[in-house]
$ cat entry-v1.txt   # compact mmCIF, C-alpha atoms
# COMPACT_ATOMS: atom_id res chain seq x y z
CA MET A 1 14.24 126.59 32.76
CA ALA A 2 16.83 123.79 32.57
CA ALA A 3 18.78 125.36 35.45
CA GLY A 4 15.76 124.90 37.73
CA ILE A 5 15.67 128.57 38.72
CA PHE A 6 12.04 128.98 37.69
CA MET A 7 10.80 126.16 39.93
CA GLU A 8 12.93 127.43 42.81
CA PHE A 9 11.33 130.86 42.37
CA ILE A 10 7.83 129.36 42.37
CA ASN A 11 8.55 127.40 45.57
CA ARG A 12 9.98 130.48 47.31
CA LEU A 13 6.99 132.54 46.23
CA LEU A 14 4.53 129.97 47.57
CA ARG A 15 6.38 129.73 50.90
CA ALA A 16 6.42 133.52 51.22
CA SER A 17 2.71 133.64 50.39
CA ALA A 18 1.96 131.14 53.16
CA HIS A 19 3.82 133.27 55.71
CA THR A 20 2.10 136.43 54.49
CA LEU A 21 -1.30 134.76 54.71
CA LEU A 22 -0.67 133.66 58.30
CA LEU A 23 0.40 137.18 59.32
CA GLU A 24 -2.67 138.71 57.67
CA LEU A 25 -5.00 136.26 59.41
CA VAL A 26 -3.44 137.11 62.78
CA ALA A 27 -3.68 140.84 62.03
CA ASP A 28 -7.33 140.51 61.02
CA GLY A 29 -8.17 138.59 64.19
CA VAL A 30 -9.08 135.32 62.46
CA GLN A 31 -8.70 132.55 65.02
CA GLY A 32 -9.57 128.95 65.81
CA ASP A 33 -11.24 126.76 63.25
CA ASP A 34 -11.63 129.58 60.72
CA ARG A 35 -7.87 130.17 60.58
CA ALA A 36 -7.18 126.42 60.40
CA ASN A 37 -9.66 125.96 57.54
CA ILE A 38 -8.18 128.84 55.55
CA LEU A 39 -4.62 127.57 56.02
CA ARG A 40 -5.71 124.04 55.09
CA ASP A 41 -7.34 125.27 51.89
CA PHE A 42 -4.27 127.32 51.02
CA GLU A 43 -2.00 124.31 51.58
CA ALA A 44 -4.15 122.21 49.23
CA PHE A 45 -3.98 124.98 46.63
CA ARG A 46 -0.19 125.24 47.05
CA ARG A 47 0.31 121.51 46.49
CA HIS A 48 -1.97 121.57 43.45
CA LEU A 49 -0.14 124.54 41.95
CA GLN A 50 3.25 122.88 42.52
CA PHE A 51 1.94 119.72 40.85
CA ILE A 52 0.74 121.69 37.80
CA PHE A 53 4.10 123.43 37.41
CA LEU A 54 5.96 120.15 37.91
CA VAL A 55 3.92 118.41 35.21
CA THR A 56 4.30 121.35 32.84
CA PHE A 57 8.00 122.06 33.32
CA GLY A 58 9.36 118.83 34.83
CA HIS A 59 10.82 117.67 31.51
CA TRP A 60 13.47 120.41 31.82
CA GLU A 61 15.02 118.34 34.61
CA GLN A 62 15.46 115.34 32.28
CA SER A 63 17.78 114.64 29.36
CA PRO A 64 18.10 115.99 26.72
CA TRP A 65 16.41 119.24 27.79
CA LEU A 66 18.64 119.39 30.86
CA PHE A 67 21.64 119.98 28.60
CA PHE A 68 20.46 123.54 27.97
CA GLY A 69 21.41 124.26 31.58
CA ILE A 70 25.04 123.48 30.72
CA GLY A 71 25.04 126.68 28.68
CA HIS A 72 24.13 128.81 31.72
CA HIS A 73 26.44 131.79 32.27
CA ALA A 74 26.93 130.84 35.94
CA LEU A 75 29.46 128.02 35.97
CA ASP A 76 28.21 126.55 39.25
CA ILE A 77 24.73 126.12 37.77
CA ALA A 78 26.17 124.75 34.52
CA ARG A 79 28.28 122.23 36.44
CA ARG A 80 25.29 121.16 38.49
CA CYS A 81 23.30 120.47 35.33
CA ALA A 82 26.22 118.56 33.80
CA ALA A 83 26.60 116.39 36.91
CA THR A 84 22.85 115.70 36.96
CA ALA A 85 22.94 114.69 33.28
CA LEU A 86 25.74 112.20 33.96
CA ARG A 87 23.85 110.72 36.93
CA LEU A 88 20.66 110.38 34.87
CA PHE A 89 22.58 108.53 32.16
CA VAL A 90 23.94 106.02 34.67
CA ALA A 91 20.47 105.54 36.18
CA MET A 92 18.87 104.63 32.83
CA PRO A 93 18.14 100.92 32.32
CA VAL A 94 20.18 98.86 29.88
CA GLY A 95 18.73 99.08 26.39
CA HIS A 96 17.22 102.52 26.87
CA VAL A 97 17.17 104.52 23.63
CA HIS A 98 19.08 107.74 24.32
CA HIS A 99 18.94 111.06 22.51
CA PHE A 100 21.98 111.70 20.32
CA LEU A 101 23.07 114.56 22.61
CA THR A 102 23.01 112.18 25.57
CA ILE A 103 25.14 109.71 23.63
CA LEU A 104 27.56 112.45 22.59
CA LEU A 105 28.09 113.89 26.07
CA CYS A 106 27.42 111.07 28.51
CA THR A 107 28.75 107.85 26.97
CA PRO A 108 31.79 106.68 28.97
CA GLY A 109 34.95 106.68 26.90
CA SER A 110 33.82 109.41 24.52
CA GLN A 111 35.36 112.88 24.24
CA GLY A 112 32.07 114.39 25.37
CA TYR A 113 32.01 112.31 28.54
CA THR A 114 35.64 113.22 29.32
CA ASP A 115 34.89 116.93 28.89
CA MET A 116 31.74 116.65 31.01
CA ALA A 117 33.58 114.83 33.81
CA ASP A 118 36.44 117.35 33.77
CA PHE A 119 33.97 120.24 33.75
CA CYS A 120 32.13 118.80 36.77
CA ALA A 121 35.51 118.41 38.52
CA GLY A 122 36.16 122.14 38.17
CA VAL A 123 38.18 122.39 34.96
CA ASP A 124 37.68 125.69 33.13
CA PRO A 125 35.47 125.09 30.06
CA SER A 126 37.80 127.14 27.84
CA GLY A 127 40.18 124.17 27.90
CA LEU A 128 37.47 121.73 26.80
CA PRO A 129 36.93 122.34 23.05
CA LEU A 130 33.97 120.03 22.47
CA LEU A 131 32.09 121.11 25.58
CA THR A 132 32.79 124.78 24.81
CA ARG A 133 31.15 124.42 21.40
CA MET A 134 28.19 122.56 22.85
CA ARG A 135 27.74 125.12 25.66
CA ALA A 136 27.57 127.87 23.06
CA ARG A 137 24.93 125.95 21.13
CA PHE A 138 22.87 125.28 24.23
CA ARG A 139 23.05 128.89 25.35
CA PHE A 140 22.09 130.45 22.04
CA ALA A 141 19.92 127.68 20.62
CA PRO A 142 16.93 129.12 18.77
CA THR A 143 13.59 127.65 19.72
CA SER A 144 10.28 127.49 17.88
CA GLU A 145 8.69 129.59 20.64
CA ARG A 146 11.14 132.47 20.14
CA TRP A 147 10.64 132.28 16.39
CA ALA A 148 6.85 132.32 16.70
CA GLU A 149 6.85 135.19 19.20
CA ALA A 150 9.11 137.22 16.91
CA LEU A 151 6.66 136.75 14.04
CA HIS A 152 3.59 137.92 15.97
CA PRO A 153 4.22 141.72 15.74
CA THR A 154 5.07 141.44 12.04
CA ASN A 155 1.99 139.38 11.29
CA ARG A 156 -0.27 141.74 13.22
CA HIS A 157 1.20 144.73 11.35
CA TRP A 158 0.48 143.26 7.92
CA LEU A 159 -2.85 141.64 8.75
CA VAL A 160 -4.34 144.93 9.92
CA GLY A 161 -4.33 146.21 6.35
CA ALA A 162 -4.95 142.87 4.65
CA HIS A 163 -8.69 142.38 4.94
CA HIS A 164 -8.86 139.45 2.49
CA THR A 165 -6.28 137.17 4.09
CA SER A 166 -5.93 135.26 7.34
CA PRO A 167 -3.23 134.21 9.84
CA VAL A 168 -3.20 130.77 8.21
CA ARG A 169 -2.53 132.29 4.80
CA ALA A 170 0.20 134.52 6.22
CA ALA A 171 1.86 131.56 7.94
CA GLN A 172 1.70 129.53 4.73
CA ASN A 173 3.32 132.29 2.67
CA SER A 174 6.06 132.85 5.27
CA LEU A 175 6.93 129.14 5.29
CA LEU A 176 6.83 128.54 1.54
CA PRO A 177 10.44 129.67 0.82
CA THR A 178 11.79 127.42 3.57
CA ALA A 179 9.63 124.52 2.42
CA ARG A 180 10.75 124.94 -1.21
CA ALA A 181 14.42 125.01 -0.18
CA GLN A 182 13.96 121.90 1.94
CA LEU A 183 12.23 120.02 -0.87
CA ARG A 184 14.99 120.93 -3.31
CA ARG A 185 17.55 119.45 -0.94
CA ASP A 186 15.53 116.35 -0.07
CA PRO A 187 12.16 115.59 -1.73
CA TYR A 188 11.71 112.34 0.21
CA PRO A 189 9.60 113.84 3.09
CA LEU A 190 7.01 115.11 0.60
CA LEU A 191 6.85 111.72 -1.11
CA ALA A 192 6.45 110.02 2.28
CA LEU A 193 3.67 112.48 3.19
CA ALA A 194 1.90 111.75 -0.09
CA ARG A 195 2.02 108.01 0.62
CA HIS A 196 0.64 108.52 4.13
CA CYS A 197 -2.15 110.71 2.77
CA ALA A 198 -3.00 108.00 0.23
CA PHE A 199 -3.35 105.47 3.05
CA ALA A 200 -5.91 107.75 4.76
CA ARG A 201 -7.63 109.42 1.81
CA ASN A 202 -11.08 108.56 3.19
CA GLY A 203 -12.59 107.71 6.53
CA ARG A 204 -12.58 103.94 6.02
CA LEU A 205 -8.90 103.82 5.05
CA ALA A 206 -8.01 106.10 7.94
CA LEU A 207 -9.77 103.82 10.42
CA GLY A 208 -8.04 100.80 8.93
CA ALA A 209 -4.63 102.49 9.12
CA VAL A 210 -4.98 103.00 12.87
CA GLY A 211 -6.50 99.56 13.47
CA LEU A 212 -10.00 100.71 14.39
CA LEU A 213 -11.93 99.37 11.43
CA GLN A 214 -13.07 96.29 13.39
CA HIS A 215 -13.96 98.26 16.50
CA PRO A 216 -17.59 97.49 17.52
CA SER A 217 -18.66 101.12 17.34
CA VAL A 218 -17.28 101.37 13.78
CA TYR A 219 -18.06 97.85 12.52
CA GLY A 220 -21.74 98.20 13.36
CA ALA A 221 -22.10 101.71 11.96
CA PRO A 222 -23.93 102.40 8.67
CA PRO A 223 -21.59 102.53 5.62
CA ALA A 224 -22.05 106.30 5.22
CA VAL A 225 -21.04 106.92 8.82
CA ALA A 226 -18.09 104.51 8.67
CA GLY A 227 -16.72 106.32 5.63
CA ALA A 228 -17.32 103.59 3.08

$ encode --input "entry-v1.txt" --output "structure tokens"
Amino acid sequence: MAAGIFMEFINRLLRASAHTLLLELVADGVQGDDRANILRDFEAFRRHLQFIFLVTFGHWEQSPWLFFGIGHHALDIARRCAATALRLFVAMPVGHVHHFLTILLCTPGSQGYTDMADFCAGVDPSGLPLLTRMRARFRFAPTSERWAEALHPTNRHWLVGAHHTSPVRAAQNSLLPTARAQLRRDPYPLLALARHCAFARNGRLALGAVGLLQHPSVYGAPPAVAGA
């Protein structure tokens, strides 16, 4: 996704579909205004579909998600992503809050920036220790989507014979060991969650926490509705 290959494929597919449609209209004898109307409707659909894909996947062309393209096995694609990341860093306004990966790899004067610049200039990545480690992480980085997809067959297998449980219960049990280990290392997140829950333990407190308690639609509501 970060390499932009998916969007290139979509654009090629849409262009090929437009050519195929035109040939089919000619072969079917569709002429004049009918052909023009069909092509106009298809062009509107093509632009809408490109817009949907751009909104859905456009973040892969921005930092820090773009860094995953640096781990691509094709060095020309990886170098293109690295060069784009450096250009995006320069284009950001002063005071912009950058992701820590952007700071690590794009800040002028840092080892990451030096490796990125040398890599874009054609230096073999094997001679760039920091960038080599980061490329390996980007290429083999686990994602929540992969983890969730891997759990689906296992969950389906066990839920078929477990008539008194649910996917929510199965997810809770699968996460409990990880949650316990995390809380043993650092109990602060649970304490912070408990404080946040206390601030919103009823409807009135929740509305006050988000600043909506004085909203006209809430202020004029009966106490039972407002959560008093």

$ atom_distance --input "entry-v1.txt" --atom1 "atom CA of Leu49 of chain A" --atom2 "atom CA of Ile77 of chain A"
25.3 Å

$ residues_near_point --input "entry-v1.txt" --point "(27.3, 114.4, 31.5)" --cutoff "9 Å" --atoms "all atoms listed in the file" --output "PDB file with C-alpha atoms, in the coordinates of the input"
ATOM      1  CA  PHE A  67      21.640 119.980  28.600  1.00  0.00           C
ATOM      2  CA  CYS A  81      23.300 120.470  35.330  1.00  0.00           C
ATOM      3  CA  ALA A  82      26.220 118.560  33.800  1.00  0.00           C
ATOM      4  CA  ALA A  83      26.600 116.390  36.910  1.00  0.00           C
ATOM      5  CA  THR A  84      22.850 115.700  36.960  1.00  0.00           C
ATOM      6  CA  ALA A  85      22.940 114.690  33.280  1.00  0.00           C
ATOM      7  CA  LEU A  86      25.740 112.200  33.960  1.00  0.00           C
ATOM      8  CA  ARG A  87      23.850 110.720  36.930  1.00  0.00           C
ATOM      9  CA  LEU A  88      20.660 110.380  34.870  1.00  0.00           C
ATOM     10  CA  PHE A  89      22.580 108.530  32.160  1.00  0.00           C
ATOM     11  CA  THR A 102      23.010 112.180  25.570  1.00  0.00           C
ATOM     12  CA  LEU A 105      28.090 113.890  26.070  1.00  0.00           C
ATOM     13  CA  CYS A 106      27.420 111.070  28.510  1.00  0.00           C
ATOM     14  CA  THR A 107      28.750 107.850  26.970  1.00  0.00           C
ATOM     15  CA  GLY A 112      32.070 114.390  25.370  1.00  0.00           C
ATOM     16  CA  TYR A 113      32.010 112.310  28.540  1.00  0.00           C
ATOM     17  CA  THR A 114      35.640 113.220  29.320  1.00  0.00           C
ATOM     18  CA  ASP A 115      34.890 116.930  28.890  1.00  0.00           C
ATOM     19  CA  MET A 116      31.740 116.650  31.010  1.00  0.00           C
ATOM     20  CA  ALA A 117      33.580 114.830  33.810  1.00  0.00           C
ATOM     21  CA  CYS A 120      32.130 118.800  36.770  1.00  0.00           C
TER      22      CYS A 120
END

$ atom_distance --input "entry-v1.txt" --atom1 "atom CA of Thr154 of chain A" --atom2 "atom CA of Arg185 of chain A"
28.4 Å

$ atom_distance --input "entry-v1.txt" --atom1 "atom CA of Pro108 of chain A" --atom2 "atom CA of Trp65 of chain A"
19.9 Å

$ closest_residue --input "entry-v1.txt" --among "A:Ser63, A:Thr132, A:Asn202, A:Gln214" --to "Phe100 of chain A" --atoms "all atoms listed in the file"
A:Ser63

$ closest_residue --input "entry-v1.txt" --among "A:Arg80, A:Trp147, A:Gln50, A:Gly122" --to "Phe9 of chain A" --atoms "only C-alpha atoms"
A:Gln50

$ residues_around --input "entry-v1.txt" --residues "Phe138 of chain A" --least-positions-apart "5" --cutoff "8 Å" --atoms "only C-alpha atoms" --output "PDB file with C-alpha atoms, in the coordinates of the input"
ATOM      1  CA  PHE A  67      21.640 119.980  28.600  1.00  0.00           C
ATOM      2  CA  PHE A  68      20.460 123.540  27.970  1.00  0.00           C
ATOM      3  CA  GLY A  69      21.410 124.260  31.580  1.00  0.00           C
ATOM      4  CA  ILE A  70      25.040 123.480  30.720  1.00  0.00           C
ATOM      5  CA  GLY A  71      25.040 126.680  28.680  1.00  0.00           C
TER       6      GLY A  71
END

$ closest_residue --input "entry-v1.txt" --among "A:Gln31, A:Asn155, A:Gln62, A:Thr56" --to "Met7 of chain A" --atoms "only C-alpha atoms"
A:Thr56

$ closest_residue --input "entry-v1.txt" --among "A:Leu22, A:Ala209, A:Arg169, A:Ala148" --to "Cys197 of chain A" --atoms "all atoms listed in the file"
A:Ala209

$ closest_residue --input "entry-v1.txt" --among "A:Gln111, A:Phe42, A:Phe53, A:Val26" --to "Pro129 of chain A" --atoms "all atoms listed in the file"
A:Gln111

$ decode --input "entry-v1.txt" --residues "segment 23-150 of chain A" --atoms "C-alpha atoms" --output "short mmCIF file (atom, residue, chain, number, x, y, z; two decimals), in the first residue's frame"
data_model
loop_
_atom_site.label_atom_id
_atom_site.label_comp_id
_atom_site.auth_asym_id
_atom_site.auth_seq_id
_atom_site.Cartn_x
_atom_site.Cartn_y
_atom_site.Cartn_z
CA LEU A 23 -15.05 -0.93 -27.96
CA GLU A 24 -18.16 -2.78 -26.76
CA LEU A 25 -20.38 0.21 -27.53
CA VAL A 26 -18.97 0.40 -31.06
CA ALA A 27 -19.39 -3.35 -31.52
CA ASP A 28 -22.99 -3.20 -30.31
CA GLY A 29 -23.80 -0.33 -32.67
CA VAL A 30 -24.49 2.25 -29.96
CA GLN A 31 -24.02 5.68 -31.52
CA GLY A 32 -24.70 9.37 -31.09
CA ASP A 33 -26.19 10.70 -27.90
CA ASP A 34 -26.67 7.25 -26.38
CA ARG A 35 -22.94 6.48 -26.59
CA ALA A 36 -22.05 9.93 -25.26
CA ASN A 37 -24.43 9.57 -22.30
CA ILE A 38 -23.06 6.15 -21.39
CA LEU A 39 -19.45 7.34 -21.58
CA ARG A 40 -20.31 10.43 -19.54
CA ASP A 41 -21.93 8.32 -16.82
CA PHE A 42 -18.96 5.96 -16.78
CA GLU A 43 -16.54 8.89 -16.44
CA ALA A 44 -18.51 10.22 -13.47
CA PHE A 45 -18.44 6.76 -11.89
CA ARG A 46 -14.68 6.48 -12.53
CA ARG A 47 -13.95 9.81 -10.83
CA HIS A 48 -16.16 8.89 -7.87
CA LEU A 49 -14.46 5.52 -7.47
CA GLN A 50 -11.00 7.11 -7.62
CA PHE A 51 -12.09 9.63 -4.98
CA ILE A 52 -13.32 6.86 -2.67
CA PHE A 53 -10.05 4.93 -2.99
CA LEU A 54 -8.03 8.11 -2.49
CA VAL A 55 -9.91 8.99 0.70
CA THR A 56 -9.64 5.43 1.99
CA PHE A 57 -5.99 4.75 1.16
CA GLY A 58 -4.49 8.22 0.70
CA HIS A 59 -2.89 8.19 4.16
CA TRP A 60 -0.41 5.58 2.89
CA GLU A 61 1.19 8.36 0.83
CA GLN A 62 1.85 10.44 3.97
CA SER A 63 4.29 10.07 6.86
CA PRO A 64 4.59 7.93 8.92
CA TRP A 65 2.70 5.27 6.95
CA LEU A 66 4.84 6.01 3.90
CA PHE A 67 7.85 4.60 5.74
CA PHE A 68 6.49 1.08 5.25
CA GLY A 69 7.31 1.50 1.56
CA ILE A 70 11.01 1.81 2.48
CA GLY A 71 10.88 -1.87 3.39
CA HIS A 72 9.78 -2.88 -0.12
CA HIS A 73 11.90 -5.63 -1.68
CA ALA A 74 12.35 -3.59 -4.88
CA LEU A 75 15.04 -1.02 -4.11
CA ASP A 76 13.79 1.48 -6.71
CA ILE A 77 10.37 1.57 -5.02
CA ALA A 78 11.96 1.76 -1.57
CA ARG A 79 14.17 4.67 -2.68
CA ARG A 80 11.19 6.47 -4.16
CA CYS A 81 9.32 6.20 -0.86
CA ALA A 82 12.38 7.39 1.08
CA ALA A 83 12.80 10.42 -1.20
CA THR A 84 9.10 11.26 -0.87
CA ALA A 85 9.34 11.04 2.92
CA LEU A 86 12.25 13.49 2.96
CA ARG A 87 10.37 15.91 0.69
CA LEU A 88 7.26 15.73 2.88
CA PHE A 89 9.34 16.52 5.96
CA VAL A 90 10.78 19.64 4.32
CA ALA A 91 7.31 20.73 3.18
CA MET A 92 5.85 20.60 6.71
CA PRO A 93 5.33 23.98 8.40
CA VAL A 94 7.54 25.06 11.28
CA GLY A 95 6.16 23.81 14.58
CA HIS A 96 4.46 20.78 13.09
CA VAL A 97 4.37 17.84 15.53
CA HIS A 98 6.08 14.93 13.78
CA HIS A 99 5.81 11.22 14.44
CA PHE A 100 8.86 9.77 16.19
CA LEU A 101 9.73 7.75 13.07
CA THR A 102 9.73 10.95 11.03
CA ILE A 103 12.04 12.58 13.57
CA LEU A 104 14.33 9.54 13.58
CA LEU A 105 14.69 9.26 9.80
CA CYS A 106 14.13 12.75 8.41
CA THR A 107 15.67 15.23 10.84
CA PRO A 108 18.71 16.84 9.19
CA GLY A 109 21.92 16.05 11.02
CA SER A 110 20.70 12.75 12.46
CA GLN A 111 22.05 9.31 11.56
CA GLY A 112 18.66 8.38 10.14
CA TYR A 113 18.64 11.37 7.81
CA THR A 114 22.19 10.59 6.63
CA ASP A 115 21.24 6.98 5.89
CA MET A 116 18.06 8.06 4.09
CA ALA A 117 19.93 10.59 1.95
CA ASP A 118 22.65 8.07 1.07
CA PHE A 119 20.02 5.44 0.27
CA CYS A 120 18.20 7.84 -2.06
CA ALA A 121 21.54 8.62 -3.73
CA GLY A 122 22.00 4.95 -4.61
CA VAL A 123 24.07 3.60 -1.73
CA ASP A 124 23.44 -0.09 -1.02
CA PRO A 125 21.34 -0.40 2.17
CA SER A 126 23.61 -3.15 3.53
CA GLY A 127 26.15 -0.43 4.31
CA LEU A 128 23.61 1.65 6.24
CA PRO A 129 23.12 -0.10 9.62
CA LEU A 130 20.31 2.04 11.02
CA LEU A 131 18.30 2.09 7.81
CA THR A 132 18.81 -1.66 7.35
CA ARG A 133 17.28 -2.33 10.76
CA MET A 134 14.39 0.03 10.09
CA ARG A 135 13.73 -1.48 6.64
CA ALA A 136 13.47 -4.91 8.24
CA ARG A 137 10.99 -3.59 10.79
CA PHE A 138 8.90 -1.87 8.14
CA ARG A 139 8.84 -4.94 5.93
CA PHE A 140 7.88 -7.43 8.61
CA ALA A 141 5.91 -5.17 10.92
CA PRO A 142 2.88 -6.98 12.34
CA THR A 143 -0.39 -5.13 12.04
CA SER A 144 -3.64 -5.43 13.97
CA GLU A 145 -5.41 -6.46 10.76
CA ARG A 146 -3.11 -9.45 10.22
CA TRP A 147 -3.51 -10.45 13.85
CA ALA A 148 -7.31 -10.22 13.70
CA GLU A 149 -7.52 -12.14 10.42
CA ALA A 150 -5.32 -14.89 11.85
#
